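Q: One structure coming up, written as structure tokens, with questions to follow.
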Amino acid sequence: QDCTFFTRKEILRLHGRYHEMAPNVVPMDYTKDPDVKLPMQLIINMPELKENPFKERIVESFSEDGEGSLSFNDFVDMFSVLSEMAPRELKAIYAFKIYDFNTDNFICKSDLEKTLNKLTREELTAEEITLVCEKVIEEADMDGDGKLGFADFENMISKAPDFLSTFHIRI
Amino acid sequence: QDKEEESKEEESCNQQNTASRRKNYQRENSNGKKAGEEGSRQRGKKTPTKDQKESENKEKETNKKGKEEENKQKSDRKDSTSASSNSSDEESLSDEELAMLMEQVEQKKKLISTMRNKPWRMVKKLSVLREAQAFVEKFEGALGKGKGKKLYAYKMMMAKKWVKFKRDFDNFKTQCIPWEMKIKEVESHFGSSVASYFIFLRWMYGVNLVLCGLIFGLVIIPEVLMGMPYGSMPRKTVPRAEQATAMDFSVLWDFEGYIKYSALFYGYYNNQRTIGWLKYRLPMAYFMVGISVFGYSLMVVIRSMARNANESTTDGDDDNFVFSWKMFTSWDYLIGNPETADNKFASITTSFKESIVDEQESNKDENIHLRRFLRVLANVLIICCLCGSGYLIYFVVKRSQTFSKMQNVGWYERNEVEIVMSLLGMFCPPLFETIAALENYHPRIGLKWQLGRIFALFLGNLYTFLLALMDDVNEKLAEEDVVKNITHWTLLGHHNLSMGNGSTVTPPPLDPADVPRGPCWETTVGIEFVRLTVSDILVTYITILVGDFIRACFVRFVNYCWCWDLEAGFPSYAEFDISGNVLGLVFNQGMIWMGSFYAPGLVGINVLRLLTSMYFQCWAVMTSNVPHERVFKASKSNNFYMGLLLLILFLSLLPVAYTIMSLPPSFDCGPFSGKKRMYDVIQETIELDFPLFVAKIFSYVANPGLIIPAILLMVLAIYYLNAVAAAYQRTNTELKKKMQMQREEDKNKRNNKASTNPMLQDMEDLLTPSTKKESHPKQAEDKKMESPNRISPVGKQGKAAVLDGSPMMGGRGAAFTPPPHVFVTQPPTLGVRAPYLGQPRPWGHPPRPVPGMGRGQPRY
């Protein structure tokens, strides 16, 4: 409980949800610390994540092996970070991970393009996308290396007015 | 030696202390002064203070007694399993050790409370947490701390409940805003500019609702409830000649017949000073409500303008990250509903497009001369159009006056003015839009120009209409004089007749329907306004229905069997015409303001109109319109709309004020009949209902000698405030410039500074697994297998250090490193952790033990 922003009850409810997704794989009691992982396909079909354009990235960045399968611990961790009690810094770190598609610790142009395509369902033209990406880099890139490091990202996100209210899943 | 003595003294003072403590002092004596200090403090209070702890720690370092203490601790830990021996063990513990423990416990607690903020993997968190918790539990019991736990939990629970309540309340509040969802939906598909129209419409609805409440509550309902009933007097009765047709629909549709003689119009009201058992002063109320409609509207418009201006200045300075914020924070992770998600996708796309249009516009450069020429040309064309339409209206109004004198005129002749005005309203705006295409403005500025032009058109229409109406009124006034005499003579004749008979002294039993009456110009004006409003409503709705809906249906369904592509080609779907709609609304509101004095029921009609048009237009927009080709963002405050509204409010105030101040009211209808001017009602009230001194005060206040200085004072105040505002503006821009410069500086600084952020290390911790995936997985596996063994000696120690002497401890912790085997818990933890740390070189380098130290290392 102290690792997360949840109360005991909420964790139990989370476990219920986790159990629900694969009743025959997930055991009911976790006292023996079993090593069970659920594949990404199951997780992203949760109603909370289903419509999210970044669902694969979310699950991937919280999974321990980077492949997208979540143990219960990762699962709780995910919703803990996305809960409204989590502080801005923590959220920023994970948001950075989520938007960093190729996991090179920088948000580069290709990441931005992917993000944009996911956000708009590829309804923008190619020129528009390049324009937007260039603008983003121009705005947020403080050290001038043509990509966003975490410091850039955090600096940008810390000023964003509605980051906290949008980067948040209620479960 | 002095010190020695001192300590001895102390010892003697503390003779009642336990044996263990004495032992403690003896040990300390060797240490000298420090010990003495400590002793004195301990005597003062038992709970160890911070200083004390520090001194103790220093002492430890110098004393080389670390090992001994460690042993003690070890024994303590062993003993803690058996609770019985715990207490006795604690007795034997020295105070300094107690303090030590306290500090450690505090740190653990801190660690636990901040644990959730650390971006570690859950497994790591769990293991660290378990250790920390175990530690705390062991020693907390011993130290008798943690009593406030329950209270703390309770507080936390209350805080959570409060947060939840606030959230629910906010939700409730947003649910109470009418049509919020509808507008949001429209906004997501059509952009904020279209939504701004609907927001404006909603605001207008609110204002009209208040006006409606004012008029109905203070004028119409009292009149209906307490005034003389219908048919009791001439002004409340349909004349004999019209009675046969008074209920015909065509008559009613023209607002003649029964409707004309109802409480909806000025003429119905009686000039009785008080009505009903409440002694309600209706004429006074009528006058005051007429004034306060304007007063309230002015106040509301100006207040909301001021608020908008405030908002636009406060939000203005943080636009450095427009695109980044859109990119990273626009998706709302709460969305779980497919439809909402669709809307959100649409809205994000539109918002991006809006910003792109803004951006493109800002760095566009073309042939300036050509564009200037085109703009001038466009303006000339538009001015021609405006003049033409103005003349057309004047001509039509003149003609309608001749028609009104003739009998047996057809439907077209009677409604010519409305038809022409509506046609102009329908065809001029698209014409202007076509001409405006020459100018090639940014759509937002283009919209403003378009609004201004159509406003001018409507204004011209309105004013020619008003001039014609004025002619009408003057004519009616002349006619009235004649009728007045006739009425006078008729009544007199009747009276004489009855007197001649000598039967009764009662007033003549003339039926109210038969009394000859004046034309009552106020009611005529009121009817004119109501007619115009209604025809405007109808034209608007029919335009939407035909121009948008039928067109959309046609394009959609005939497209299957047509020779060219209808959807992409000529008719295509209609766009939502923002400028036309906004101006229609503003113009309509001006009519309402002007007309409401002569036709109190007009506001009620308008409220209905706004209500229906909200639903109707929302529906029409969603079903049959397509978004604009260039979706653009509305300016943050819709102050432009408000400005138009203010202008039209002012303009509509003028004619009403003119009629109130300088035209004589009709002699036989309306609340002010029989007075020379309408405002006489105020004087009458002051004289009759207030004590004498109030009247005196009023007469002083109305003295020009007082009013002129007051106006001068106001002008001075305005000038002063203006100057102050300008000064603030300057400082504001200055500050903005400074901020910009600072940002640039920041950028440069960051360029030079290598970023060694502890956060980043955590980040690397987290990010590695996925990089690992890219590298040879097998190798990674190998690493995983071997790294625990390799690292274990150092890693364990490092970890222990981390656990034990986390941030606060710093160097001091070094001397007090507990034996590793006590703290290290599950080997698997290390196994998981190690490969991450070995990560920076995923390509086959054997994981070096040093990175295994991780967080612990730099602190040594």
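Here's how to read the names in the structure tokens: chain A, B, ... by the order shown, residue numbers from 1 in each chain, ligand numbers from 1 in the order shown.
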Select from region 13-129 of chain A everything DSSP, run on the backbone, classes as alpha helix (DSSP H), then give the selection as number ranges by chain.
A: A: 13-21, 40-43, 47-50, 55-62, 72-81, 88-99, 109-120, 126-129
Q: Just the residues within 9 Å of Phe150 (chain A), please, counting only C-alpha atoms, with nothing from its chain fewer than 2 positions along; format it as a VMD selection string.
A: (chain A and resid 92 to 93 96 105 to 107 148 152 to 155) or (chain B and resid 760 763)
Q: Tell me, as a ChimeraX atom specification, which residues lie within 12 Å of Thr125 (chain A), counting only C-alpha atoms; anything in the same chain fewer than 3 positions away does not count.
A: /A:113,116-117,120-122,128-132 /B:349,352-353,356
Q: Kindly export the residues of the current selection with C-alpha atoms, as an mmCIF file, in the first residue's frame.
A:
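Okay, this is what ended up in result05.cif:
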data_model
loop_
_atom_site.group_PDB
_atom_site.id
_atom_site.type_symbol
_atom_site.label_atom_id
_atom_site.label_comp_id
_atom_site.auth_asym_id
_atom_site.auth_seq_id
_atom_site.Cartn_x
_atom_site.Cartn_y
_atom_site.Cartn_z
ATOM 1 C CA GLU A 113 5.142 11.847 -35.642
ATOM 2 C CA LEU A 116 0.604 12.912 -33.674
ATOM 3 C CA ASN A 117 -0.690 10.194 -35.942
ATOM 4 C CA THR A 120 -5.380 12.559 -34.922
ATOM 5 C CA ARG A 121 -5.962 9.149 -36.443
ATOM 6 C CA GLU A 122 -3.745 10.154 -39.338
ATOM 7 C CA GLU A 128 1.099 19.441 -41.507
ATOM 8 C CA ILE A 129 2.688 16.702 -39.480
ATOM 9 C CA THR A 130 6.195 17.842 -40.238
ATOM 10 C CA LEU A 131 5.209 21.403 -39.468
ATOM 11 C CA VAL A 132 3.762 20.463 -36.118
ATOM 12 C CA THR B 349 -7.478 17.167 -35.075
ATOM 13 C CA PHE B 352 -4.198 21.080 -34.474
ATOM 14 C CA LYS B 353 -5.568 22.397 -37.714
ATOM 15 C CA ILE B 356 -1.517 25.154 -38.057
#
Q: For a quick check of understanding, using only C-alpha atoms, which of A:Leu49, A:Met40, A:Ile98, A:Ala126 has the smallest distance to chain B?
A: A:Leu49
Q: Report as a ChimeraX atom specification all protein, DNA and RNA residues lying within 8 Å of region 539-551 of chain B, evaluated on only C-alpha atoms, omitting residues in the same chain fewer than 3 positions from it.
A: /B:422,535-536,554-555,571,573-574,617,620,623-625
Q: Could you save those same residues with N, CA and C atoms as a PDB file, in the first residue's frame?
A:
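Saved file part-v4.pdb follows:
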ATOM      1  N   SER B 422     -35.504  40.773 -45.327  1.00  0.00           N
ATOM      2  CA  SER B 422     -35.034  39.411 -45.128  1.00  0.00           C
ATOM      3  C   SER B 422     -34.235  38.937 -46.331  1.00  0.00           C
ATOM      4  N   SER B 535     -40.937  37.516 -38.469  1.00  0.00           N
ATOM      5  CA  SER B 535     -40.576  37.169 -39.842  1.00  0.00           C
ATOM      6  C   SER B 535     -39.092  36.814 -39.919  1.00  0.00           C
ATOM      7  N   ASP B 536     -38.306  37.464 -39.089  1.00  0.00           N
ATOM      8  CA  ASP B 536     -36.886  37.148 -39.044  1.00  0.00           C
ATOM      9  C   ASP B 536     -36.669  35.714 -38.590  1.00  0.00           C
ATOM     10  N   PHE B 554     -30.247  16.545 -50.565  1.00  0.00           N
ATOM     11  CA  PHE B 554     -30.152  16.460 -52.020  1.00  0.00           C
ATOM     12  C   PHE B 554     -28.758  15.983 -52.420  1.00  0.00           C
ATOM     13  N   VAL B 555     -27.776  16.644 -51.890  1.00  0.00           N
ATOM     14  CA  VAL B 555     -26.402  16.288 -52.252  1.00  0.00           C
ATOM     15  C   VAL B 555     -26.122  14.840 -51.890  1.00  0.00           C
ATOM     16  N   PRO B 571     -22.736  21.963 -55.642  1.00  0.00           N
ATOM     17  CA  PRO B 571     -23.501  22.405 -54.459  1.00  0.00           C
ATOM     18  C   PRO B 571     -22.788  22.062 -53.165  1.00  0.00           C
ATOM     19  N   TYR B 573     -21.840  20.428 -49.487  1.00  0.00           N
ATOM     20  CA  TYR B 573     -22.561  20.704 -48.245  1.00  0.00           C
ATOM     21  C   TYR B 573     -22.299  22.139 -47.819  1.00  0.00           C
ATOM     22  N   ALA B 574     -23.215  22.640 -47.021  1.00  0.00           N
ATOM     23  CA  ALA B 574     -23.054  24.021 -46.565  1.00  0.00           C
ATOM     24  C   ALA B 574     -22.091  24.066 -45.396  1.00  0.00           C
ATOM     25  N   GLN B 617     -30.510  24.753 -34.400  1.00  0.00           N
ATOM     26  CA  GLN B 617     -29.249  24.992 -35.080  1.00  0.00           C
ATOM     27  C   GLN B 617     -28.207  23.949 -34.730  1.00  0.00           C
ATOM     28  N   ALA B 620     -29.070  21.150 -36.897  1.00  0.00           N
ATOM     29  CA  ALA B 620     -28.766  21.409 -38.297  1.00  0.00           C
ATOM     30  C   ALA B 620     -27.264  21.350 -38.539  1.00  0.00           C
ATOM     31  N   THR B 623     -26.125  17.711 -38.460  1.00  0.00           N
ATOM     32  CA  THR B 623     -26.596  16.810 -39.507  1.00  0.00           C
ATOM     33  C   THR B 623     -26.170  17.269 -40.896  1.00  0.00           C
ATOM     34  N   SER B 624     -26.217  18.569 -41.144  1.00  0.00           N
ATOM     35  CA  SER B 624     -26.131  18.941 -42.551  1.00  0.00           C
ATOM     36  C   SER B 624     -25.012  19.912 -42.889  1.00  0.00           C
ATOM     37  N   ASN B 625     -24.166  20.224 -41.975  1.00  0.00           N
ATOM     38  CA  ASN B 625     -23.068  21.118 -42.326  1.00  0.00           C
ATOM     39  C   ASN B 625     -21.739  20.379 -42.301  1.00  0.00           C
TER      40      ASN B 625
END
Q: Write out as an NGL selection string which residues come within 12 Å of region 15-22 of chain A when counting only C-alpha atoms, dropping same-chain ones fewer than 4 positions away.
A: :A and (6 or 8-11 or 26-30 or 36-48 or 70-77 or 79 or 171)
Q: Kindly export the residues of the current selection with C-alpha atoms, as a PDB file, in the first residue's frame.
A:
ATOM      1  CA  PHE A   6      -4.222   3.385  -3.248  1.00  0.00           C
ATOM      2  CA  ARG A   8      -6.220  -1.389   0.750  1.00  0.00           C
ATOM      3  CA  LYS A   9      -9.721  -1.482  -0.633  1.00  0.00           C
ATOM      4  CA  GLU A  10      -8.730  -0.028  -3.916  1.00  0.00           C
ATOM      5  CA  ILE A  11      -5.908  -2.470  -4.313  1.00  0.00           C
ATOM      6  CA  VAL A  26      -4.663 -15.349 -12.065  1.00  0.00           C
ATOM      7  CA  PRO A  27      -4.987 -16.906  -8.655  1.00  0.00           C
ATOM      8  CA  MET A  28      -7.307 -15.380  -6.150  1.00  0.00           C
ATOM      9  CA  ASP A  29      -4.851 -15.056  -3.323  1.00  0.00           C
ATOM     10  CA  TYR A  30      -1.487 -13.455  -3.686  1.00  0.00           C
ATOM     11  CA  VAL A  36       1.825 -14.521 -13.133  1.00  0.00           C
ATOM     12  CA  LYS A  37       1.802 -12.170 -16.033  1.00  0.00           C
ATOM     13  CA  LEU A  38      -0.967 -11.184 -18.342  1.00  0.00           C
ATOM     14  CA  PRO A  39      -0.236 -10.432 -21.969  1.00  0.00           C
ATOM     15  CA  MET A  40      -0.777  -7.000 -23.399  1.00  0.00           C
ATOM     16  CA  GLN A  41      -3.743  -8.050 -25.493  1.00  0.00           C
ATOM     17  CA  LEU A  42      -5.821  -8.646 -22.399  1.00  0.00           C
ATOM     18  CA  ILE A  43      -4.789  -5.471 -20.670  1.00  0.00           C
ATOM     19  CA  ILE A  44      -5.456  -3.077 -23.488  1.00  0.00           C
ATOM     20  CA  ASN A  45      -8.947  -4.370 -23.831  1.00  0.00           C
ATOM     21  CA  MET A  46      -9.884  -2.962 -20.479  1.00  0.00           C
ATOM     22  CA  PRO A  47     -12.564  -0.348 -20.953  1.00  0.00           C
ATOM     23  CA  GLU A  48     -10.316   2.200 -19.274  1.00  0.00           C
ATOM     24  CA  LEU A  70       2.101  -7.061 -16.828  1.00  0.00           C
ATOM     25  CA  SER A  71       2.423  -8.786 -13.535  1.00  0.00           C
ATOM     26  CA  PHE A  72      -0.016  -7.737 -10.896  1.00  0.00           C
ATOM     27  CA  ASN A  73       2.601  -5.499  -9.369  1.00  0.00           C
ATOM     28  CA  ASP A  74       3.113  -3.686 -12.625  1.00  0.00           C
ATOM     29  CA  PHE A  75      -0.583  -3.471 -13.035  1.00  0.00           C
ATOM     30  CA  VAL A  76      -1.059  -1.778  -9.703  1.00  0.00           C
ATOM     31  CA  ASP A  77       1.909   0.411 -10.395  1.00  0.00           C
ATOM     32  CA  PHE A  79      -2.868   2.676 -12.104  1.00  0.00           C
ATOM     33  CA  ILE A 171     -10.482   3.085 -11.882  1.00  0.00           C
TER      34      ILE A 171
END
Q: How far is it from CA of Tyr230 (chain B) to CA of Met288 (chain B), in Å with one decimal?
A: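 These atoms are spaced 24.3 Å apart.
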Q: Give the answer as one residue: which of B:Glu439, B:Ile686, B:Tyr286, B:Ala717 has the shortest atom-to-atom distance to His369 (chain B), using only C-alpha atoms?
A: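 Counting only C-alpha atoms, the residue closest to His369 (chain B) is B:Glu439.
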Q: For Ala263 (chain B), list every protein, DNA or RNA residue within 7 Å, evaluated using only C-alpha atoms, and leave out those in the same chain fewer than 3 positions away; present the list as a ChimeraX atom specification.
A: /B:220,268-269
Q: Restrict the selected residues to N, CA, C and O atoms and save them as a compact mmCIF listing (two decimals), in the first residue's frame.
A:
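As written to disk, part38.txt reads:
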# COMPACT_ATOMS: atom_id res chain seq x y z
N ILE B 220 -46.24 42.59 -16.85
CA ILE B 220 -47.35 41.88 -17.50
C ILE B 220 -48.22 41.16 -16.49
O ILE B 220 -49.44 41.28 -16.49
N TYR B 268 -52.46 48.53 -24.21
CA TYR B 268 -53.42 47.86 -23.33
C TYR B 268 -53.39 48.43 -21.92
O TYR B 268 -54.36 48.35 -21.19
N TYR B 269 -52.26 48.99 -21.55
CA TYR B 269 -52.08 49.38 -20.14
C TYR B 269 -52.85 50.65 -19.81
O TYR B 269 -52.99 51.54 -20.63
Q: Name the closest residue to chain B among the candidates A:Ser83, A:Ser158, A:Asn24, A:Asn52; distances are taken between atoms, counting only C-alpha atoms.
A: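 The shortest atom-to-atom distance to chain B comes from A:Asn52.
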